[in-house]
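Next comes model-v2.txt, a file with compact mmCIF, C-alpha atoms.
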# COMPACT_ATOMS: atom_id res chain seq x y z
CA MET A 1 30.88 14.12 -7.04
CA GLY A 2 30.65 10.50 -8.23
CA ARG A 3 29.38 8.07 -5.62
CA ILE A 4 28.26 4.67 -6.88
CA LEU A 5 26.66 2.36 -4.29
CA ASP A 6 25.52 -1.23 -4.09
CA PHE A 7 21.74 -1.58 -4.27
CA ASP A 8 21.30 -2.25 -0.53
CA ALA A 9 23.42 0.77 0.40
CA ALA A 10 21.50 3.04 -2.00
CA LEU A 11 18.17 1.90 -0.59
CA GLU A 12 19.47 2.51 2.92
CA GLN A 13 20.36 6.08 1.93
CA VAL A 14 16.85 6.72 0.62
CA GLN A 15 15.23 5.29 3.74
CA LEU A 16 17.54 7.33 5.96
CA HIS A 17 16.26 10.53 4.35
CA ALA A 18 12.68 9.26 4.23
CA ALA A 19 12.80 8.92 8.02
CA THR A 20 13.21 12.70 8.36
CA PHE A 21 9.67 13.36 7.09
CA ALA A 22 6.63 13.56 9.32
CA GLY A 23 4.13 14.30 6.57
CA LEU A 24 3.24 17.62 4.99
CA GLN A 25 0.37 19.95 5.89
CA THR A 26 -2.99 18.42 6.66
CA GLU A 27 -6.43 18.80 5.11
CA THR A 28 -9.93 17.40 5.52
CA SER A 29 -11.12 14.87 2.97
CA PRO A 30 -14.57 13.24 2.51
CA LEU A 31 -14.48 9.63 3.63
CA LEU A 32 -14.53 7.94 0.23
CA SER A 33 -12.16 10.53 -1.26
CA SER A 34 -9.66 9.53 1.43
CA LEU A 35 -8.92 6.22 -0.30
CA GLY A 36 -5.17 5.97 -0.82
CA ARG A 37 -4.42 8.91 1.49
CA VAL A 38 -2.53 8.85 4.80
CA LEU A 39 -4.27 9.60 8.08
CA ALA A 40 -3.05 12.74 9.88
CA GLU A 41 -5.44 12.52 12.85
CA SER A 42 -6.41 9.29 14.56
CA VAL A 43 -9.91 7.86 14.23
CA VAL A 44 -11.60 7.27 17.60
CA ALA A 45 -14.42 4.84 18.34
CA ASP A 46 -17.54 6.85 19.20
CA ARG A 47 -19.03 3.89 21.12
CA ASP A 48 -18.13 0.37 22.16
CA GLN A 49 -17.56 -2.03 19.28
CA PRO A 50 -19.60 -4.11 19.21
CA PRO A 51 -22.07 -1.98 21.16
CA PHE A 52 -23.71 -5.11 22.62
CA ASP A 53 -22.91 -8.79 23.10
CA ARG A 54 -23.29 -9.93 19.48
CA SER A 55 -24.26 -13.36 18.19
CA THR A 56 -21.92 -14.67 15.52
CA ARG A 57 -24.24 -17.47 14.39
CA ASP A 58 -27.85 -18.24 13.62
CA GLY A 59 -29.05 -20.43 16.47
CA PHE A 60 -30.41 -20.23 20.00
CA ALA A 61 -29.35 -18.03 22.93
CA VAL A 62 -29.07 -20.30 25.98
CA ARG A 63 -27.45 -20.84 29.33
CA SER A 64 -24.58 -23.18 28.45
CA ALA A 65 -24.93 -25.20 31.69
CA GLU A 66 -28.63 -25.88 30.98
CA ALA A 67 -28.00 -26.80 27.35
CA ALA A 68 -26.02 -29.84 28.45
CA THR A 69 -28.75 -31.23 30.73
CA GLY A 70 -31.88 -31.50 28.65
CA PRO A 71 -34.41 -29.91 26.34
CA LEU A 72 -35.03 -26.15 26.43
CA ARG A 73 -38.30 -24.42 25.58
CA VAL A 74 -38.07 -21.80 22.79
CA VAL A 75 -39.88 -18.66 23.93
CA GLY A 76 -39.23 -16.20 21.12
CA GLN A 77 -36.94 -14.83 18.44
CA ILE A 78 -34.42 -11.97 18.10
CA ARG A 79 -33.42 -10.67 14.67
CA ALA A 80 -30.45 -8.43 13.82
CA GLY A 81 -31.46 -4.86 14.63
CA GLU A 82 -33.86 -5.93 17.40
CA ARG A 83 -33.48 -6.23 21.16
CA TRP A 84 -35.39 -8.72 23.32
CA THR A 85 -37.48 -6.80 25.85
CA GLY A 86 -39.16 -9.57 27.86
CA LEU A 87 -37.46 -8.85 31.18
CA ASN A 88 -38.50 -10.92 34.18
CA GLU A 89 -38.45 -9.98 37.85
CA ALA A 90 -34.77 -10.90 38.11
CA GLY A 91 -33.89 -8.54 35.27
CA SER A 92 -33.10 -11.37 32.90
CA THR A 93 -34.72 -11.87 29.53
CA LEU A 94 -34.07 -15.60 29.63
CA GLU A 95 -36.12 -17.75 32.00
CA PRO A 96 -34.55 -20.93 33.39
CA GLY A 97 -35.05 -23.87 31.05
CA CYS A 98 -35.70 -21.61 28.07
CA ALA A 99 -33.98 -20.62 24.83
CA ILE A 100 -34.48 -17.71 22.44
CA GLU A 101 -33.97 -18.14 18.72
CA ILE A 102 -31.36 -15.60 17.55
CA MET A 103 -29.95 -14.46 14.22
CA THR A 104 -26.37 -13.59 13.31
CA GLY A 105 -25.56 -10.05 14.41
CA ALA A 106 -28.41 -9.77 16.91
CA PRO A 107 -27.87 -8.71 20.57
CA VAL A 108 -27.59 -11.66 22.95
CA PRO A 109 -30.25 -11.29 25.70
CA PRO A 110 -29.16 -10.90 29.32
CA GLY A 111 -29.06 -14.24 31.07
CA ALA A 112 -27.73 -16.13 28.04
CA ASP A 113 -24.01 -16.90 27.98
CA ALA A 114 -23.74 -18.87 24.70
CA VAL A 115 -25.36 -19.39 21.33
CA ALA A 116 -26.00 -22.93 20.14
CA MET A 117 -25.63 -23.08 16.35
CA ILE A 118 -28.83 -24.10 14.60
CA GLU A 119 -27.05 -27.03 12.93
CA HIS A 120 -25.90 -28.31 16.34
CA VAL A 121 -29.38 -28.71 17.87
CA GLU A 122 -32.36 -31.00 17.37
CA VAL A 123 -35.72 -29.24 17.16
CA ALA A 124 -38.90 -30.90 18.36
CA GLY A 125 -41.97 -28.66 18.33
CA ASN A 126 -41.13 -25.61 20.44
CA SER A 127 -38.20 -27.29 22.21
CA ILE A 128 -34.54 -27.80 21.32
CA ARG A 129 -31.84 -30.14 22.53
CA LEU A 130 -28.10 -30.20 21.79
CA SER A 131 -27.21 -32.89 19.28
CA ALA A 132 -25.55 -36.00 20.68
CA GLU A 133 -21.91 -35.51 21.68
CA ARG A 134 -22.14 -31.74 21.23
CA VAL A 135 -20.66 -29.59 24.04
CA LEU A 136 -21.42 -25.88 24.41
CA ARG A 137 -18.98 -23.66 26.32
CA SER A 138 -19.79 -20.39 28.04
CA GLY A 139 -19.11 -17.50 25.62
CA GLU A 140 -19.30 -19.70 22.53
CA ASN A 141 -20.49 -17.88 19.35
CA ILE A 142 -20.70 -14.53 21.17
CA VAL A 143 -18.54 -11.44 20.63
CA PRO A 144 -18.66 -9.51 23.94
CA GLN A 145 -19.54 -5.82 23.99
CA GLY A 146 -16.44 -3.63 23.61
CA SER A 147 -14.15 -6.56 22.79
CA GLU A 148 -13.14 -4.99 19.45
CA ALA A 149 -12.82 -1.43 20.78
CA ARG A 150 -14.01 0.65 23.71
CA ALA A 151 -15.59 4.09 23.25
CA GLY A 152 -12.73 6.61 23.04
CA ASP A 153 -10.15 4.09 21.81
CA ALA A 154 -8.06 5.10 18.78
CA VAL A 155 -8.91 2.48 16.17
CA LEU A 156 -6.83 4.00 13.34
CA ALA A 157 -3.52 5.68 14.15
CA VAL A 158 -1.82 8.65 12.51
CA GLY A 159 0.20 7.40 9.54
CA THR A 160 -2.30 4.72 8.56
CA GLU A 161 -2.75 4.34 4.81
CA ILE A 162 -6.44 4.40 4.01
CA GLU A 163 -7.69 1.39 2.07
CA ALA A 164 -11.09 -0.31 1.91
CA ALA A 165 -10.79 -1.91 5.38
CA GLU A 166 -9.93 1.44 6.96
CA ILE A 167 -12.81 3.16 5.13
CA ALA A 168 -15.23 0.58 6.54
CA LEU A 169 -13.85 0.95 10.10
CA ALA A 170 -14.01 4.76 9.95
CA ALA A 171 -17.57 4.53 8.65
CA SER A 172 -18.51 2.31 11.61
CA CYS A 173 -17.31 5.14 13.87
CA GLY A 174 -19.54 7.66 12.10
CA CYS A 175 -16.74 9.50 10.27
CA VAL A 176 -18.05 11.39 7.25
CA SER A 177 -14.58 12.88 6.64
CA LEU A 178 -10.98 12.26 7.69
CA THR A 179 -7.99 14.48 8.39
CA VAL A 180 -5.23 13.43 6.02
CA PHE A 181 -1.80 14.65 4.96
CA ARG A 182 -1.56 16.77 1.85
CA ARG A 183 -0.36 14.93 -1.23
CA PRO A 184 3.26 15.80 -2.13
CA ARG A 185 3.61 17.85 -5.30
CA VAL A 186 6.09 16.23 -7.70
CA ALA A 187 7.60 18.09 -10.66
CA ILE A 188 8.55 15.89 -13.63
CA ILE A 189 11.05 16.96 -16.29
CA ALA A 190 11.93 14.68 -19.19
CA THR A 191 15.17 15.63 -20.93
CA GLY A 192 16.51 15.00 -24.41
CA ASP A 193 16.54 16.52 -27.91
CA GLU A 194 15.03 13.27 -29.24
CA LEU A 195 11.74 13.77 -27.36
CA VAL A 196 8.55 15.27 -28.76
CA ASP A 197 5.14 15.86 -27.22
CA LEU A 198 2.33 13.37 -27.74
CA ASP A 199 0.42 15.61 -30.11
CA ALA A 200 3.46 16.11 -32.38
CA THR A 201 4.39 13.91 -35.34
CA PRO A 202 7.87 12.55 -34.58
CA ASP A 203 10.58 12.49 -37.22
CA GLU A 204 12.35 9.18 -37.84
CA GLN A 205 15.02 9.99 -35.24
CA GLN A 206 12.57 11.18 -32.59
CA ILE A 207 10.43 9.44 -29.96
CA ARG A 208 7.37 10.52 -28.00
CA ASN A 209 7.74 11.66 -24.41
CA SER A 210 6.36 8.53 -22.72
CA ASN A 211 8.42 8.88 -19.51
CA SER A 212 6.57 11.95 -18.26
CA TYR A 213 3.26 10.13 -18.51
CA GLY A 214 4.55 6.89 -16.99
CA LEU A 215 6.10 8.79 -14.09
CA ALA A 216 2.94 10.86 -13.55
CA ALA A 217 0.92 7.65 -13.25
CA LEU A 218 3.41 6.17 -10.79
CA VAL A 219 3.43 9.38 -8.73
CA ALA A 220 -0.37 9.39 -8.50
CA ARG A 221 -0.49 5.75 -7.42
CA ALA A 222 2.17 6.40 -4.75
CA GLY A 223 0.13 9.22 -3.22
CA GLY A 224 1.55 12.30 -4.95
CA GLU A 225 0.31 14.95 -7.36
CA ALA A 226 2.30 15.13 -10.59
CA ASP A 227 3.17 18.33 -12.46
CA ARG A 228 4.56 17.50 -15.90
CA LEU A 229 6.81 20.32 -17.07
CA PRO A 230 7.83 20.90 -20.71
CA ILE A 231 10.53 18.74 -22.28
CA ALA A 232 14.04 19.98 -21.49
CA PRO A 233 16.28 20.04 -24.57
CA ASP A 234 19.93 19.09 -24.13
CA ARG A 235 20.94 22.69 -23.44
CA ARG A 236 22.18 23.98 -20.13
CA ASP A 237 20.13 27.19 -20.01
CA ASP A 238 16.84 25.40 -20.81
CA LEU A 239 17.49 22.77 -18.15
CA GLU A 240 18.41 25.40 -15.55
CA ARG A 241 15.24 27.36 -16.33
CA LEU A 242 12.99 24.33 -15.98
CA ILE A 243 14.63 23.17 -12.73
CA ALA A 244 14.17 26.68 -11.33
CA GLU A 245 10.50 26.51 -12.37
CA ALA A 246 10.16 23.21 -10.48
CA ARG A 247 11.66 24.47 -7.22
CA ASN A 248 8.26 25.12 -5.58
CA SER A 249 7.42 21.41 -5.74
CA ASP A 250 8.06 19.02 -2.86
CA LEU A 251 10.08 16.61 -5.02
CA LEU A 252 11.80 16.86 -8.40
CA LEU A 253 12.09 13.97 -10.85
CA LEU A 254 14.23 14.23 -13.96
CA SER A 255 14.39 11.46 -16.55
CA GLY A 256 17.32 11.16 -18.93
CA GLY A 257 20.55 13.11 -19.01
CA VAL A 258 22.25 11.22 -16.17
CA SER A 259 24.62 8.95 -18.13
CA MET A 260 28.16 9.74 -19.25
CA GLY A 261 27.42 11.23 -22.66
CA LYS A 262 28.56 14.65 -23.84
CA TYR A 263 25.01 15.99 -23.62
CA ASP A 264 24.02 14.35 -20.35
CA LEU A 265 23.84 17.58 -18.38
CA VAL A 266 21.61 16.82 -15.40
CA GLU A 267 24.31 16.24 -12.76
CA GLU A 268 26.40 19.11 -14.01
CA VAL A 269 23.51 21.59 -13.88
CA LEU A 270 22.33 20.37 -10.47
CA ALA A 271 25.90 20.68 -9.11
CA SER A 272 26.10 24.27 -10.38
CA MET A 273 22.94 25.00 -8.36
CA GLY A 274 24.59 23.76 -5.15
CA ALA A 275 23.14 20.26 -5.09
CA GLU A 276 24.27 17.71 -2.51
CA PHE A 277 24.51 14.22 -4.03
CA PHE A 278 23.84 11.15 -1.87
CA PHE A 279 24.62 8.78 -4.73
CA THR A 280 25.27 9.19 -8.44
CA GLY A 281 24.88 5.57 -9.49
CA VAL A 282 23.80 2.17 -8.21
CA ARG A 283 25.23 -1.23 -9.07
CA MET A 284 21.98 -2.47 -10.60
CA GLN A 285 20.63 -3.33 -14.02
CA PRO A 286 18.71 -1.61 -15.42
CA GLY A 287 19.02 1.74 -13.68
CA LYS A 288 22.74 2.04 -12.94
CA PRO A 289 23.02 5.83 -13.62
CA VAL A 290 20.26 6.80 -11.12
CA VAL A 291 21.05 9.91 -9.05
CA PHE A 292 19.67 10.98 -5.66
CA GLY A 293 20.34 14.29 -3.95
CA ARG A 294 19.02 17.53 -2.51
CA LEU A 295 19.04 21.15 -3.65
CA PRO A 296 19.73 23.75 -0.94
CA ALA A 297 17.23 26.33 0.28
CA SER A 298 17.61 29.56 -1.66
CA GLY A 299 15.59 32.61 -2.65
CA GLY A 300 12.84 31.82 -0.16
CA ARG A 301 12.54 28.26 -1.43
CA ARG A 302 13.04 25.36 0.95
CA GLU A 303 15.36 22.40 0.40
CA GLN A 304 14.20 20.06 -2.33
CA TYR A 305 15.01 16.39 -2.85
CA PHE A 306 15.52 15.20 -6.41
CA PHE A 307 16.07 12.03 -8.38
CA GLY A 308 17.80 11.86 -11.73
CA LEU A 309 16.35 8.74 -13.35
CA PRO A 310 17.79 7.01 -16.42
CA GLY A 311 15.96 7.85 -19.65
CA ASN A 312 15.25 4.33 -20.87
CA PRO A 313 11.66 3.68 -19.75
CA VAL A 314 12.16 0.32 -18.01
CA SER A 315 15.10 1.82 -16.10
CA THR A 316 12.93 4.82 -15.23
CA GLN A 317 10.16 2.68 -13.80
CA VAL A 318 12.42 0.21 -11.96
CA THR A 319 14.31 3.01 -10.23
CA PHE A 320 11.04 4.76 -9.36
CA HIS A 321 9.72 1.63 -7.62
CA CYS A 322 13.04 1.02 -5.83
CA PHE A 323 13.95 4.52 -4.67
CA VAL A 324 11.41 7.24 -5.48
CA GLU A 325 8.34 5.47 -4.16
CA PRO A 326 9.67 4.86 -0.60
CA LEU A 327 10.67 8.53 -0.27
CA LEU A 328 7.43 9.81 -1.81
CA ARG A 329 5.26 7.66 0.45
CA ALA A 330 7.14 8.96 3.50
CA MET A 331 6.58 12.53 2.30
CA ALA A 332 2.88 11.71 2.09
CA GLY A 333 2.93 10.71 5.79
CA ALA A 334 3.15 6.92 5.48
CA SER A 335 5.45 4.84 7.66
CA ILE A 336 8.94 4.12 6.36
CA SER A 337 8.95 0.97 4.28
CA PRO A 338 11.13 -0.61 1.59
CA PRO A 339 9.93 -1.37 -1.93
CA ARG A 340 7.33 -4.14 -2.14
CA PHE A 341 9.15 -7.43 -2.55
CA ALA A 342 7.68 -10.94 -2.50
CA GLN A 343 9.02 -14.47 -2.87
CA ALA A 344 8.31 -16.66 -5.90
CA THR A 345 9.59 -19.85 -7.50
CA LEU A 346 11.47 -19.58 -10.79
CA ALA A 347 9.75 -21.39 -13.64
CA GLU A 348 12.96 -21.54 -15.72
CA ASP A 349 16.73 -21.20 -15.54
CA VAL A 350 17.91 -17.58 -15.47
CA ILE A 351 21.34 -15.97 -15.85
CA GLY A 352 22.38 -13.15 -13.50
CA LYS A 353 25.31 -10.76 -13.70
CA ALA A 354 28.20 -10.63 -11.26
CA GLY A 355 28.40 -7.41 -9.27
CA LEU A 356 24.97 -6.11 -10.32
CA THR A 357 21.52 -6.57 -8.81
CA ARG A 358 19.33 -7.31 -11.84
CA PHE A 359 15.66 -6.40 -12.19
CA LEU A 360 14.16 -8.23 -15.15
CA PRO A 361 10.58 -7.83 -16.44
CA ALA A 362 8.65 -10.93 -15.43
CA ARG A 363 5.19 -12.37 -15.03
CA LEU A 364 4.12 -13.53 -11.57
CA THR A 365 1.44 -16.23 -11.45
CA PRO A 366 0.03 -16.42 -7.90
CA GLY A 367 -0.79 -19.82 -6.48
CA TRP A 368 -2.26 -21.12 -3.24
CA ALA A 369 0.74 -23.33 -2.46
CA ARG A 370 3.40 -21.28 -4.26
CA SER A 371 3.69 -18.44 -6.75
CA MET A 372 5.63 -18.93 -9.96
CA VAL A 373 7.60 -16.30 -11.86
CA ARG A 374 8.71 -16.41 -15.49
CA LEU A 375 10.80 -13.82 -17.35
CA ILE A 376 9.29 -11.80 -20.19
CA GLY A 377 11.32 -11.77 -23.39
CA TRP A 378 12.60 -8.23 -23.88
CA GLN A 379 14.97 -6.16 -25.99
CA GLY A 380 16.58 -4.21 -23.15
CA SER A 381 15.61 -1.28 -20.96
CA GLY A 382 13.94 0.63 -23.78
CA ASP A 383 11.34 -2.09 -24.42
CA LEU A 384 8.05 -0.52 -23.35
CA ALA A 385 5.96 -3.36 -24.79
CA ALA A 386 7.76 -6.02 -22.74
CA ASN A 387 7.44 -3.86 -19.63
CA ALA A 388 3.68 -3.63 -20.20
CA ARG A 389 3.41 -7.43 -20.55
CA ALA A 390 5.18 -7.89 -17.20
CA ASN A 391 3.50 -7.50 -13.81
CA CYS A 392 6.67 -7.56 -11.67
CA TYR A 393 10.46 -7.68 -11.90
CA ALA A 394 12.49 -10.76 -11.07
CA VAL A 395 15.33 -9.73 -8.75
CA LEU A 396 18.67 -11.49 -9.21
CA PRO A 397 21.22 -10.65 -6.49
CA PRO A 398 24.83 -9.94 -7.49
CA GLU A 399 26.44 -12.84 -5.62
CA LYS A 400 25.76 -15.56 -8.20
CA ILE A 401 25.40 -16.01 -11.94
CA LYS A 402 23.07 -18.96 -12.58
CA PHE A 403 19.62 -19.36 -11.04
CA MET A 404 17.90 -22.70 -11.58
CA ALA A 405 14.24 -23.48 -12.19
CA GLY A 406 12.63 -24.30 -8.85
CA GLU A 407 14.74 -21.80 -6.89
CA VAL A 408 12.91 -19.25 -4.78
CA ILE A 409 13.86 -15.65 -5.63
CA SER A 410 12.61 -12.20 -4.75
CA VAL A 411 10.33 -10.29 -7.08
CA LEU A 412 9.74 -6.54 -7.06
CA LEU A 413 5.98 -5.91 -7.14
CA ARG A 414 4.57 -2.91 -8.89

Show me this structure written as structure tokens.
Amino acid sequence: MGRILDFDAALEQVQLHAATFAGLQTETSPLLSSLGRVLAESVVADRDQPPFDRSTRDGFAVRSAEAATGPLRVVGQIRAGERWTGLNEAGSTLEPGCAIEIMTGAPVPPGADAVAMIEHVEVAGNSIRLSAERVLRSGENIVPQGSEARAGDAVLAVGTEIEAAEIALAASCGCVSLTVFRRPRVAIIATGDELVDLDATPDEQQIRNSNSYGLAALVARAGGEADRLPIAPDRRDDLERLIAEARNSDLLLLSGGVSMGKYDLVEEVLASMGAEFFFTGVRMQPGKPVVFGRLPASGGRREQYFFGLPGNPVSTQVTFHCFVEPLLRAMAGASISPPRFAQATLAEDVIGKAGLTRFLPARLTPGWARSMVRLIGWQGSGDLAANARANCYAVLPPEKIKFMAGEVISVLLR
């Protein structure tokens, strides 16, 4: 049953299975409630965007060829939301030798092929002239009608994750609601005789069940709906009962009980239920005992993926970001993507560990030229306070031991 993989190989396994999902059932969501959801039906432009030739500057609508030859008489003004209606016999709104003052966002009148910026002209009475050495090209400071999208074009594709920019674009197309994929339901079971609920007073040897709450928050942010089940004591029958209760969920997360101790029963119980294991450990620190697998369909229940996450809270959260989140996002209908890594410059010397990919709590300080990362002092993978002070994890690959200040390394964002 044991199958321990390097980090890259374990991530490849997760992404391989993530690629089998095409999203769950769909539902309709009000536009603003769709934030963070995944689009299940494309958004189509209901008209050309922009719907007219749009001025991008405050200035004067002109014929570019005339602007280079001499002064132009200003015959009116167009504000955003207005349309110039002074058509002449030729069907143009712009007489030869004339200019129309225009505001940013206003429709460019027929006959004009450029907008001279107000700061690039000299005004004398009701006439304007291009400033010395200024050249105006045809099309300058104009966005042509339909250049962003034509009516009927799909402007947001299925699988798009809805953020503020997508909300604004959908709103511009008149969408009051969107068709999105259903959020995956994720069952969470924390295991261990040492755990007590938050409203209980722990004895000296007990700790509060923080993992269930941390995982529920991570699940919600990754697009799922968390169902926190009761704590599973270190007894086989209790664990079996709770796993059976969780079988109607789309994904099962267990924390604790995956190490080599006498009472670490998660793998054993899952195996007795017919589980297929894709890996039972990863050469990483923290998080080495992490387990990934799938329970078979039975009793009218479909197949169910599961993760057995280490019980120490930093290990739990690191392994969630690395492995659970990519699978969960794919289940929610998003495109297949790895964990969110970025590059940063080390602010200090750091020691790695041969043969293990290390993920160390760190603080990333963004900068315009470069981002700096500095480790957070911590007491190991049970240090919740250090994890809360961090905003990322410094990633140290297994090929080397010493990393020098000034080196560029990867960081795992969260």

**Q.** Nearest to Gly105 in chain A by atom-to-atom distance, counting all atoms listed in the file, from A:Pro202, A:Gly146, A:Gly81, A:Gly224
**A.** A:Gly81

Q: Have a look at A:Arg182, A:Arg370, A:Arg134, A:Arg358 and name the one nearest to Ala332 in chain A; count only C-alpha atoms.
A: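 Nearest candidate to Ala332 in chain A out of A:Arg182, A:Arg370, A:Arg134, A:Arg358: A:Arg182.
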
Using all atoms listed in the file, which residues of range 234-302 of chain A come within 12 Å of range 314-328 of chain A, and what is the closest atom pair for each, with the distance in Å to one decimal? Give it as JSON lines, sorted by chain and residue number.
{"residue": "A:Asp250", "atom": "CA", "partner": "A:Leu328", "partner_atom": "CA", "distance": 9.3}
{"residue": "A:Leu251", "atom": "CA", "partner": "A:Leu328", "partner_atom": "CA", "distance": 8.0}
{"residue": "A:Leu252", "atom": "CA", "partner": "A:Val324", "partner_atom": "CA", "distance": 10.1}
{"residue": "A:Leu253", "atom": "CA", "partner": "A:Val324", "partner_atom": "CA", "distance": 8.6}
{"residue": "A:Leu254", "atom": "CA", "partner": "A:Thr316", "partner_atom": "CA", "distance": 9.6}
{"residue": "A:Ser255", "atom": "CA", "partner": "A:Thr316", "partner_atom": "CA", "distance": 6.9}
{"residue": "A:Gly256", "atom": "CA", "partner": "A:Thr316", "partner_atom": "CA", "distance": 8.6}
{"residue": "A:Gly257", "atom": "CA", "partner": "A:Thr316", "partner_atom": "CA", "distance": 11.9}
{"residue": "A:Val258", "atom": "CA", "partner": "A:Thr316", "partner_atom": "CA", "distance": 11.3}
{"residue": "A:Phe279", "atom": "CA", "partner": "A:Phe323", "partner_atom": "CA", "distance": 11.5}
{"residue": "A:Gly281", "atom": "CA", "partner": "A:Thr319", "partner_atom": "CA", "distance": 10.9}
{"residue": "A:Val282", "atom": "CA", "partner": "A:Thr319", "partner_atom": "CA", "distance": 9.7}
{"residue": "A:Arg283", "atom": "CA", "partner": "A:Thr319", "partner_atom": "CA", "distance": 11.8}
{"residue": "A:Met284", "atom": "CA", "partner": "A:Thr319", "partner_atom": "CA", "distance": 9.4}
{"residue": "A:Gln285", "atom": "CA", "partner": "A:Ser315", "partner_atom": "CA", "distance": 7.8}
{"residue": "A:Pro286", "atom": "CA", "partner": "A:Ser315", "partner_atom": "CA", "distance": 5.0}
{"residue": "A:Gly287", "atom": "CA", "partner": "A:Ser315", "partner_atom": "CA", "distance": 4.6}
{"residue": "A:Lys288", "atom": "CA", "partner": "A:Ser315", "partner_atom": "CA", "distance": 8.3}
{"residue": "A:Pro289", "atom": "CA", "partner": "A:Ser315", "partner_atom": "CA", "distance": 9.2}
{"residue": "A:Val290", "atom": "CA", "partner": "A:Thr319", "partner_atom": "CA", "distance": 7.1}
{"residue": "A:Val291", "atom": "CA", "partner": "A:Thr319", "partner_atom": "CA", "distance": 9.7}
{"residue": "A:Phe292", "atom": "CA", "partner": "A:Phe323", "partner_atom": "CA", "distance": 8.7}
{"residue": "A:Gly293", "atom": "CA", "partner": "A:Val324", "partner_atom": "CA", "distance": 11.5}

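Minimum atom-to-atom distances from A:Ala10, A:Ile100, A:Val158, A:Ile409 to Arg63 in chain A were compared using all atoms listed in the file, and the lowest value belongs to A:Ile100.
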
Q. Near range 410-414 of chain A, within 10 Å and counting only C-alpha atoms, which residues show up once chain neighbours fewer than 2 positions away are dropped, as a PyMOL selection string?
A. chain A and resi 218+317-318+321-322+339-346+359-364+373+390-397+408

Q. If we count all atoms listed in the file, what is near Glu194 in chain A at a cut-off of 7 Å, once residues fewer than 4 positions away on the same chain are taken out, given as an MDAnalysis selection string?
A. chainID A and resid 205:207

Q. From the list A:Ala385, A:Ala164, A:Leu136, A:Ala190, which residue is nearest Ser33 in chain A when using only C-alpha atoms?
A. A:Ala164

Q | Counting all atoms listed in the file, the residue of A:Leu39, A:Ala22, A:Val269, A:Ala9 that sits nearest Thr179 in chain A | A | A:Leu39

Q) Out of A:Ala106, A:Leu31, A:Ala132, A:Ala222, which residue has the shortest atom-to-atom distance to Gly70 in chain A when counting all atoms listed in the file? A)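 Of all the options, A:Ala132 lies closest to Gly70 in chain A.
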
Q: Find the distance between CA of Ala297 in chain A and CA of Phe181 in chain A and write it in Å to one decimal.
A: 22.8 Å

Q: May I ask for the distance between CA of Gly174 in chain A and CA of Gly152 in chain A, given in Å to one decimal place?
A: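 One can read the CA of Gly174 in chain A to CA of Gly152 in chain A distance as 12.9 Å.
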
Counting only C-alpha atoms, select every polymer residue within 7 Å of (13.0, -21.9, -12.2) as defined in the file's coordinates, and provide the selection as an mmCIF file with C-alpha atoms, in the coordinates of the input.
data_model
loop_
_atom_site.group_PDB
_atom_site.id
_atom_site.type_symbol
_atom_site.label_atom_id
_atom_site.label_comp_id
_atom_site.auth_asym_id
_atom_site.auth_seq_id
_atom_site.Cartn_x
_atom_site.Cartn_y
_atom_site.Cartn_z
ATOM 1 C CA THR A 345 9.590 -19.850 -7.500
ATOM 2 C CA LEU A 346 11.470 -19.580 -10.790
ATOM 3 C CA ALA A 347 9.750 -21.390 -13.640
ATOM 4 C CA GLU A 348 12.960 -21.540 -15.720
ATOM 5 C CA ASP A 349 16.730 -21.200 -15.540
ATOM 6 C CA MET A 404 17.900 -22.700 -11.580
ATOM 7 C CA ALA A 405 14.240 -23.480 -12.190
ATOM 8 C CA GLY A 406 12.630 -24.300 -8.850
ATOM 9 C CA GLU A 407 14.740 -21.800 -6.890
#

Would you list the contacts of range 56-58 of chain A as a tab-separated table (two decimals) with C-alpha atoms, in the frame of the given file, taking every protein, DNA or RNA residue within 10 Å and counting all atoms listed in the file, but skipping same-chain residues closer than 5 positions in sequence?
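out.tsv, written as the output of this step:
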chain	number	residue	atom	x	y	z
A	79	ARG	CA	-33.42	-10.67	14.67
A	101	GLU	CA	-33.97	-18.14	18.72
A	102	ILE	CA	-31.36	-15.60	17.55
A	103	MET	CA	-29.95	-14.46	14.22
A	104	THR	CA	-26.37	-13.59	13.31
A	105	GLY	CA	-25.56	-10.05	14.41
A	106	ALA	CA	-28.41	-9.77	16.91
A	107	PRO	CA	-27.87	-8.71	20.57
A	108	VAL	CA	-27.59	-11.66	22.95
A	115	VAL	CA	-25.36	-19.39	21.33
A	116	ALA	CA	-26.00	-22.93	20.14
A	117	MET	CA	-25.63	-23.08	16.35
A	118	ILE	CA	-28.83	-24.10	14.60
A	119	GLU	CA	-27.05	-27.03	12.93
A	140	GLU	CA	-19.30	-19.70	22.53
A	141	ASN	CA	-20.49	-17.88	19.35
A	142	ILE	CA	-20.70	-14.53	21.17
A	143	VAL	CA	-18.54	-11.44	20.63

Q. Expressed in Å to a single decimal, how great is the separation between CA of Val38 in chain A and CA of Glu225 in chain A?
A. 13.9 Å
